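Structure, as structure tokens:
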Amino acid sequence: MVERQSPLEPEFHVGSHGNFEHGVEILLTETRPGSIVQLAAWPGEEKKLIAAIRTVTGLALPDGAGGGLSNGVKSVFGFAPGKFTVADETEGLAEAFAKAVTPAIGTVTDLSHGRTAIRIAGPKAEWVLAKFFAIDFALPAFPVGAGRSTVHHDVFAQIQRTGSDQFDLYVFRSFARSFWKALCHASEEVGYEVQ
Amino acid sequence: MLITCPYCGPRDVIEYTYQGDGNRERPDPASQNFEAWNAYVYDRLNPAGDHNEIWQHSGGCRAHLRVVRNTLTHEISSVAFASGDHHAPAARRKAEDKP
């Protein structure tokens, strides 16, 4: 398999940056999942789709809008009514779902090449993201595993909280580099490290 | 102005796109009743008060919503999914229909 190039490459500088004399409070990295898939259920078929997600990934989605979970390798979260994003470290998720999600249940869209996944972690992750997105990042309002769809100007972003101070952001690949630069600028004041 | 999306919760109006007056009744696509088409395209209630509107959460879950907004105060008194609404199928043009 040909190695997938990162759109962040020219702006991806490993090391500590910004105001880090008093410690690094943000870790930025690109998670590079092998598969990113979006699933949509036809109206009334949501439960069957959730069952298919469990069959393929082993992850049992919690009830409720924006519910999700991650086991560190595979992640899933709801981002719209009857619609879910699933990511996996390895490739082949779309093929697996194409077998499990029949045309009567819903649709499978392979976005592995269309989205870039950026992980922001650290004690100031909520603080930095709050500068971008007008949503509540506090843990009670945005629990671990949950997903949110929102925008930073016109850059559509799906955000999953994968730890108490860790978030995975899925942005359009074509906007990823400029979004990454903005994220680096926003992290400068607290000191950040790119890994 | 905040609109509380039934899926995403309260979000700033910047995430939404106004899709027009929610009171419109689209005539049958085959209809040649020009008065009905004229009313659909041009006639608006323009109320000073509660107004039925269609909004899309374009910067979020992308669902279409039925919103009741007060045109004097911008107070949002009701938000619901527009899906399942009797307006939606009529507004969609089938491939075999002639324009």
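Here's how to read the names in the structure tokens: chain A, B, ... by the order shown, residue numbers from 1 in each chain, ligand numbers from 1 in the order shown.
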Which residues are near segment 96-103 of chain A? Cut-off 9 Å, only C-alpha atoms, ignore same chain within fewer than 3 positions. Put them as a CSV table (one decimal) with N, CA and C atoms, in the first residue's frame.
```
chain,number,residue,atom,x,y,z
A,37,VAL,N,-14.8,6.5,8.3
A,37,VAL,CA,-16.1,6.2,7.6
A,37,VAL,C,-17.2,6.9,8.2
A,39,LEU,N,-21.4,6.8,8.5
A,39,LEU,CA,-22.5,5.9,8.3
A,39,LEU,C,-23.8,6.7,8.5
A,41,ALA,N,-28.1,6.1,8.6
A,41,ALA,CA,-29.3,5.1,8.6
A,41,ALA,C,-30.5,5.8,8.0
A,48,LYS,N,-30.7,-0.8,13.8
A,48,LYS,CA,-29.9,-1.8,13.0
A,48,LYS,C,-28.5,-1.3,12.6
A,49,LEU,N,-28.4,0.0,12.4
A,49,LEU,CA,-27.1,0.5,12.1
A,49,LEU,C,-26.2,0.5,13.3
A,52,ALA,N,-25.0,-2.9,13.6
A,52,ALA,CA,-23.9,-3.2,12.7
A,52,ALA,C,-22.6,-2.6,13.1
A,53,ILE,N,-22.6,-1.4,13.8
A,53,ILE,CA,-21.4,-0.8,14.3
A,53,ILE,C,-20.8,-1.7,15.4
A,55,THR,N,-21.2,-4.9,15.6
A,55,THR,CA,-20.7,-6.1,15.0
A,55,THR,C,-19.3,-5.9,14.4
A,56,VAL,N,-19.2,-4.8,13.7
A,56,VAL,CA,-17.9,-4.5,13.0
A,56,VAL,C,-16.8,-4.1,13.9
A,92,GLY,N,-9.5,-0.6,5.8
A,92,GLY,CA,-10.4,-1.7,5.5
A,92,GLY,C,-11.8,-1.5,6.2
A,93,LEU,N,-12.0,-0.5,7.0
A,93,LEU,CA,-13.3,-0.3,7.7
A,93,LEU,C,-14.4,-0.2,6.7
A,106,GLY,N,-28.9,1.5,5.4
A,106,GLY,CA,-28.3,2.9,5.3
A,106,GLY,C,-27.2,2.9,4.3
A,107,THR,N,-26.3,3.9,4.5
A,107,THR,CA,-25.2,4.2,3.6
A,107,THR,C,-23.9,4.2,4.3
A,108,VAL,N,-22.8,3.9,3.5
A,108,VAL,CA,-21.5,3.9,4.0
A,108,VAL,C,-20.7,4.8,3.1
```
Sort by chain and increasing residue number a table of all residues of chain B within 9 Å of chain A, each with its closest pair of atoms and their distance in Å to one decimal, counting only C-alpha atoms, and write it as CSV.
```
residue,atom,partner,partner_atom,distance
B:Pro6,CA,A:Ala65,CA,8.7
B:Tyr7,CA,A:Ala65,CA,5.6
B:Cys8,CA,A:Ala65,CA,7.0
B:Pro10,CA,A:Ile135,CA,8.2
B:Arg11,CA,A:Ile135,CA,7.0
B:Asp12,CA,A:Ala134,CA,7.0
B:Ile14,CA,A:His153,CA,8.7
B:Glu15,CA,A:Val151,CA,7.0
B:Ser58,CA,A:Thr150,CA,8.9
B:Gly59,CA,A:Thr150,CA,5.4
B:Gly60,CA,A:Ser149,CA,4.6
B:Cys61,CA,A:Ala80,CA,4.3
B:Arg62,CA,A:Ala80,CA,7.2
B:Ala63,CA,A:Ala80,CA,7.4
```
Checklist line | chain B: residues DSSP assigns to strand (DSSP E), reported as a PyMOL selection string | finding: chain B and resi 2-5+9-12+17-21+50-56+64-70+76-81
Margin query: Applying 8 Å and only C-alpha atoms, which residues near Val67 of chain B remain after dropping the ones on its own chain fewer than 4 positions away? List them as a ChimeraX atom specification.
Written below: /B:52-55,76-80
Next item on the list: Figure out the distance between atom CA of Phe84 of chain A and atom CA of Pro62 of chain A, please, to one decimal in Å.
Entry: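 Between these atoms lies a distance of 12.2 Å.
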Note to self: Taking the DSSP secondary structure from the backbone, can you list the residues of segment 63-146 of chain A that are alpha helix (DSSP H), as a PyMOL selection string?
What the structure shows: chain A and resi 93-100+125-130
Take the residues just selected and output them with C-alpha atoms as an mmCIF file, in the first residue's frame.
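Dumped to again32.cif:
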```cif
data_model
loop_
_atom_site.group_PDB
_atom_site.id
_atom_site.type_symbol
_atom_site.label_atom_id
_atom_site.label_comp_id
_atom_site.auth_asym_id
_atom_site.auth_seq_id
_atom_site.Cartn_x
_atom_site.Cartn_y
_atom_site.Cartn_z
ATOM 1 C CA LEU A 93 -13.254 -0.299 7.708
ATOM 2 C CA ALA A 94 -15.356 0.763 4.697
ATOM 3 C CA GLU A 95 -15.191 -2.733 3.193
ATOM 4 C CA ALA A 96 -16.214 -4.289 6.522
ATOM 5 C CA PHE A 97 -19.159 -1.899 6.862
ATOM 6 C CA ALA A 98 -20.229 -2.363 3.243
ATOM 7 C CA LYS A 99 -20.926 -6.002 4.149
ATOM 8 C CA ALA A 100 -22.696 -5.258 7.459
ATOM 9 C CA ALA A 125 -7.024 21.842 25.440
ATOM 10 C CA GLU A 126 -10.484 23.098 26.441
ATOM 11 C CA TRP A 127 -9.146 26.653 26.672
ATOM 12 C CA VAL A 128 -7.613 26.597 23.184
ATOM 13 C CA LEU A 129 -10.627 24.914 21.539
ATOM 14 C CA ALA A 130 -13.000 27.395 23.195
#
```
Item checked: Distance in Å - atom CA of Gln19 of chain B versus atom CA of Cys5 of chain B ->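 Result for atom CA of Gln19 of chain B versus atom CA of Cys5 of chain B: 15.0 Å, one decimal.
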Item checked: Pairwise distance for atom CA of His185 of chain A and atom CA of Glu89 of chain A, rounded to one decimal in Å -> 27.9 Å
Next item on the list: Name all residues at most 10 Å from Val41 of chain B (count only C-alpha atoms; drop same-chain ones fewer than 5 positions away) and give them as number ranges by chain.
Entry: B: 24-26, 35-36
Produce a file of the selected residues containing N, CA and C atoms, as a PDB file, in the first residue's frame.
```
ATOM      1  N   ARG B  24     -45.157  28.575   3.778  1.00  0.00           N
ATOM      2  CA  ARG B  24     -45.452  28.395   2.356  1.00  0.00           C
ATOM      3  C   ARG B  24     -45.995  27.006   2.068  1.00  0.00           C
ATOM      4  N   GLU B  25     -46.972  26.923   1.185  1.00  0.00           N
ATOM      5  CA  GLU B  25     -47.507  25.640   0.709  1.00  0.00           C
ATOM      6  C   GLU B  25     -47.100  25.513  -0.747  1.00  0.00           C
ATOM      7  N   ARG B  26     -46.187  24.617  -1.056  1.00  0.00           N
ATOM      8  CA  ARG B  26     -45.761  24.470  -2.448  1.00  0.00           C
ATOM      9  C   ARG B  26     -46.864  23.779  -3.248  1.00  0.00           C
ATOM     10  N   GLU B  35     -51.832  31.529  -9.925  1.00  0.00           N
ATOM     11  CA  GLU B  35     -52.054  32.295  -8.691  1.00  0.00           C
ATOM     12  C   GLU B  35     -51.446  31.568  -7.496  1.00  0.00           C
ATOM     13  N   ALA B  36     -51.588  30.241  -7.492  1.00  0.00           N
ATOM     14  CA  ALA B  36     -51.015  29.459  -6.395  1.00  0.00           C
ATOM     15  C   ALA B  36     -49.485  29.543  -6.424  1.00  0.00           C
TER      16      ALA B  36
END
```
Need to verify the contact set: Trp37 of chain B, 12 Å, only C-alpha atoms, exclusion of same-chain residues closer than 3 positions in sequence. Can you return it as an mmCIF file with N, CA and C atoms, in the first residue's frame?
```cif
data_model
loop_
_atom_site.group_PDB
_atom_site.id
_atom_site.type_symbol
_atom_site.label_atom_id
_atom_site.label_comp_id
_atom_site.auth_asym_id
_atom_site.auth_seq_id
_atom_site.Cartn_x
_atom_site.Cartn_y
_atom_site.Cartn_z
ATOM 1 N N ARG B 24 -45.157 28.575 3.778
ATOM 2 C CA ARG B 24 -45.452 28.395 2.356
ATOM 3 C C ARG B 24 -45.995 27.006 2.068
ATOM 4 N N GLU B 25 -46.972 26.923 1.185
ATOM 5 C CA GLU B 25 -47.507 25.640 0.709
ATOM 6 C C GLU B 25 -47.100 25.513 -0.747
ATOM 7 N N ARG B 26 -46.187 24.617 -1.056
ATOM 8 C CA ARG B 26 -45.761 24.470 -2.448
ATOM 9 C C ARG B 26 -46.864 23.779 -3.248
ATOM 10 N N PRO B 27 -47.294 24.374 -4.367
ATOM 11 C CA PRO B 27 -48.312 23.712 -5.184
ATOM 12 C C PRO B 27 -47.761 22.413 -5.772
ATOM 13 N N ASP B 28 -48.648 21.566 -6.226
ATOM 14 C CA ASP B 28 -48.238 20.344 -6.908
ATOM 15 C C ASP B 28 -47.324 20.743 -8.071
ATOM 16 N N PRO B 29 -46.177 20.052 -8.255
ATOM 17 C CA PRO B 29 -45.257 20.443 -9.338
ATOM 18 C C PRO B 29 -45.925 20.494 -10.714
ATOM 19 N N ALA B 30 -46.974 19.695 -10.911
ATOM 20 C CA ALA B 30 -47.665 19.672 -12.207
ATOM 21 C C ALA B 30 -48.719 20.773 -12.316
ATOM 22 N N SER B 31 -48.918 21.487 -11.227
ATOM 23 C CA SER B 31 -49.998 22.482 -11.211
ATOM 24 C C SER B 31 -49.718 23.630 -12.181
ATOM 25 N N GLN B 32 -50.775 24.083 -12.870
ATOM 26 C CA GLN B 32 -50.654 25.255 -13.741
ATOM 27 C C GLN B 32 -51.452 26.415 -13.165
ATOM 28 N N ASN B 33 -51.745 26.321 -11.858
ATOM 29 C CA ASN B 33 -52.466 27.388 -11.180
ATOM 30 C C ASN B 33 -51.473 28.514 -10.870
ATOM 31 N N PHE B 34 -51.436 29.518 -11.760
ATOM 32 C CA PHE B 34 -50.403 30.557 -11.627
ATOM 33 C C PHE B 34 -50.589 31.396 -10.371
ATOM 34 N N TYR B 40 -47.006 31.222 -3.695
ATOM 35 C CA TYR B 40 -45.906 30.435 -3.115
ATOM 36 C C TYR B 40 -44.581 31.197 -3.192
ATOM 37 N N VAL B 41 -44.383 31.875 -4.326
ATOM 38 C CA VAL B 41 -43.099 32.547 -4.539
ATOM 39 C C VAL B 41 -43.044 33.917 -3.842
ATOM 40 N N TYR B 42 -44.159 34.660 -3.887
ATOM 41 C CA TYR B 42 -44.079 36.058 -3.452
ATOM 42 C C TYR B 42 -44.841 36.406 -2.172
ATOM 43 N N ASP B 43 -45.972 35.769 -1.908
ATOM 44 C CA ASP B 43 -46.803 36.228 -0.789
ATOM 45 C C ASP B 43 -46.224 35.798 0.554
#
```
